[in-house]
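Below: one structure, written as C-alpha cells.
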Amino acid sequence: MRLRQNIFPKCVRDFFVTGFLLVMIPVVYYFELFVVLPRYYIQWSASYNFHFLTGTIILFNICTNLVAIAMCDTSIRGRVLPTDLKPDWKFCSVCESLAPPRSWHCSVCNVCILKRDHHCMFTSYCVGLENHRYFMVFLLYMLIATLYASFYNMRFISHFITFDFSWKSIFKIVFPLATLFMDWTQNQLFIFLILIVLFGAGFSGALLYFHVDLMFRSVVTHERNTVSKYDRGRLENVKLVLGEKWYLVWLSPWIESKLPCDGINWDKILSTKEK
C-alpha cells in the first residue's frame, strides 16, 4: 500500500463531515455497549461478553478500514507514466501529466485518481483503485453495526423511554439535534443517538447496494449510465475491486489481496475479456 503524505481534510465540508464521523463512532460504541446492552444482560456475564466482543470486532473493522481508505494513496502522483498519448488516455492540465483511462482529476484532492469512483467526505479523500476494497468493507461493517444496534435500540426506546403523543414529543423525534440543544436531558441524548444509528443503517445500506451494483457491472460512479467495456463477468469484476482474495478481505484490511490491474495498463483487462 502506498501511503499518503497528508491525510488532513482539504475543505471545510470534509473537515466537519469527517470530524462528525470520528466523534460519533466511539460515542455510539460506548452508548450501545455500556448504556443499552446492560439493560438486557448482566454486565460481564457470558451473554454480555459475547455481544461486547462482537461489537468490538465490528468496531475494529470499521476503524481499520476507515483508516486504510484515508491512508492509501491511489493517485497518479509518483507513478511511472508514459510520455506518449495513448488511446483513452488524456492530458490533465492541472497535474500537468498524462492520465490513464478511468482516472479523473479531483478538485478537492487536487490530483488525478486511478480508477476514481468518487470523493468520500467521510474520509476526506477519493475512493479509487487501491482503496476501493476498504471502502466496500467499511460500508458492509457500518451496515452490520447499525442494524445490530438498531435491533436493541428499538426495544430500548420502547421499554425505557416514555413518550406521549404531544407535539413536543413529535418535535423531539423529528428534530432531535435541535431539541438536544434546547432541552439537554439524558433521554433526549439517547433519542438523538438512536436516530443517528437508524439513519446510519439506511444510509450505509443504500450506499452499499449502490456500490455493489456498480462493482458487479465493473463501472465506477462516473460510468454508471454506460455499459462497461471492462466487464468480464461478475466474479472477475469483484476481483477487480476486492482483489484475488476477495473472499477474505472482510476479515481484516491487513490481508493482502492483489488486484489484477495496476490502474494504468488497462490493455491486459481488455485482452482478457476478448479471449
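By convention in this document, the chains of the C-alpha cells carry letters A, B, ... by their order, each chain's residues are numbered from 1, and ligands are numbered from 1 in the order they are shown.
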Contacts of Phe91 in chain A at 12 Å (only C-alpha atoms; same-chain gap of 2+ positions) as a ChimeraX atom specification: /A:81-89,93-101,103-105,112
Residue contacts of Lys258 in chain A (8 Å, only C-alpha atoms) excluding same-chain residues fewer than 4 positions away, as a list in words: Gly243, Glu244 and Lys245 of chain A
Selection above as a file: N, CA and C atoms, as a compact mmCIF listing (two decimals), in the first residue's frame:
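The result, stored in part-v1.txt:
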# COMPACT_ATOMS: atom_id res chain seq x y z
N GLY A 243 -9.84 -7.73 -5.14
CA GLY A 243 -8.59 -8.47 -5.29
C GLY A 243 -8.81 -9.97 -5.40
N GLU A 244 -7.70 -10.69 -5.59
CA GLU A 244 -7.76 -12.14 -5.79
C GLU A 244 -8.33 -12.87 -4.58
N LYS A 245 -8.07 -12.37 -3.39
CA LYS A 245 -8.59 -13.00 -2.17
C LYS A 245 -9.84 -12.26 -1.69
Nearby residues (only C-alpha atoms) at most 9 Å from Arg224 in chain A, same-chain spacing under 5 positions excluded, as a ChimeraX atom specification: /A:214,217,219
Picked from range 48-270 of chain A by DSSP as alpha helix (DSSP H), as an NGL selection string: :A and (48-71 or 132-160 or 167-174 or 176-182 or 186-217 or 234-242 or 267-270)
So that each row is one residue of range 125-149 of chain A with an atom at most 12 Å from range 12-26 of chain A, can you give its shortest atom pair and the distance in Å to one decimal, using only C-alpha atoms, rows by chain and rising number, as a tab-separated table?
residue	atom	partner	partner_atom	distance
A:Tyr125	CA	A:Asp14	CA	8.7
A:Cys126	CA	A:Asp14	CA	11.3
A:Met142	CA	A:Ile25	CA	9.9
A:Ala145	CA	A:Ile25	CA	10.3
A:Thr146	CA	A:Ile25	CA	10.7
Would you export the selected residues with C-alpha atoms as a PDB file, in the first residue's frame, please?
ATOM      1  CA  TYR A 125     -10.164  11.506   0.251  1.00  0.00           C
ATOM      2  CA  CYS A 126     -11.139   9.896  -3.030  1.00  0.00           C
ATOM      3  CA  MET A 142     -21.257   0.042   9.056  1.00  0.00           C
ATOM      4  CA  ALA A 145     -23.159  -2.366  13.131  1.00  0.00           C
ATOM      5  CA  THR A 146     -26.137  -0.049  12.688  1.00  0.00           C
TER       6      THR A 146
END
Residue with smallest distance to Asn187 in chain A - pool A:Val35, A:Leu240, A:Lys268, A:Ala201, counting only C-alpha atoms: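 Using only C-alpha atoms, Asn187 in chain A sits closest to A:Val35.
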For Tyr40 in chain A, the nearest of the candidates A:Arg155, A:Arg102, A:Ile196, A:Leu139, counting only C-alpha atoms: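 Nearest candidate to Tyr40 in chain A out of A:Arg155, A:Arg102, A:Ile196, A:Leu139: A:Arg155.
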Pick from A:His132, A:Ser204, A:Ala46, A:Cys261 nearest to Tyr230 in chain A, counting only C-alpha atoms: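 Closest candidate: A:Cys261.
Here the question is which of A:Leu37, A:Met121, A:Ile269, A:Ile144 gets nearest to His51 in chain A using only C-alpha atoms, and that residue is A:Leu37.
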Pick from A:Phe52, A:Phe210, A:Phe8, A:Phe31 nearest to Ala70 in chain A, counting only C-alpha atoms: A:Phe8
One-decimal distance in Å that lies between CA of Asn6 in chain A and CA of Thr64 in chain A: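 Between CA of Thr64 in chain A and CA of Asn6 in chain A the gap works out to 17.8 Å.
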Best match for closeness to Leu208 in chain A among A:Cys92, A:Met136, A:Cys11, A:Leu59, counting only C-alpha atoms: A:Met136
Every residue of range 19-232 of chain A that DSSP places in strand (DSSP E or B), as a list in words: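 Strand (DSSP E or B) members of range 19-232 of chain A, listed: Cys72, Ser75, Lys90, Phe91, Cys92, Ser97, Leu98, Ala99, Trp104, His105, Cys106, Val111, Cys112, Ile113, His118, His119, Cys120, Tyr125, Cys126 and Val127 of chain A.
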Å distance separating CA of Arg2 in chain A from CA of Leu129 in chain A, one decimal place: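 Interatomic distance, CA of Arg2 in chain A to CA of Leu129 in chain A: 11.8 Å.
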Coordinates-based distance that separates CA of Val137 in chain A from CA of Pro253 in chain A (Å, one decimal):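 It comes out at 8.5 Å.
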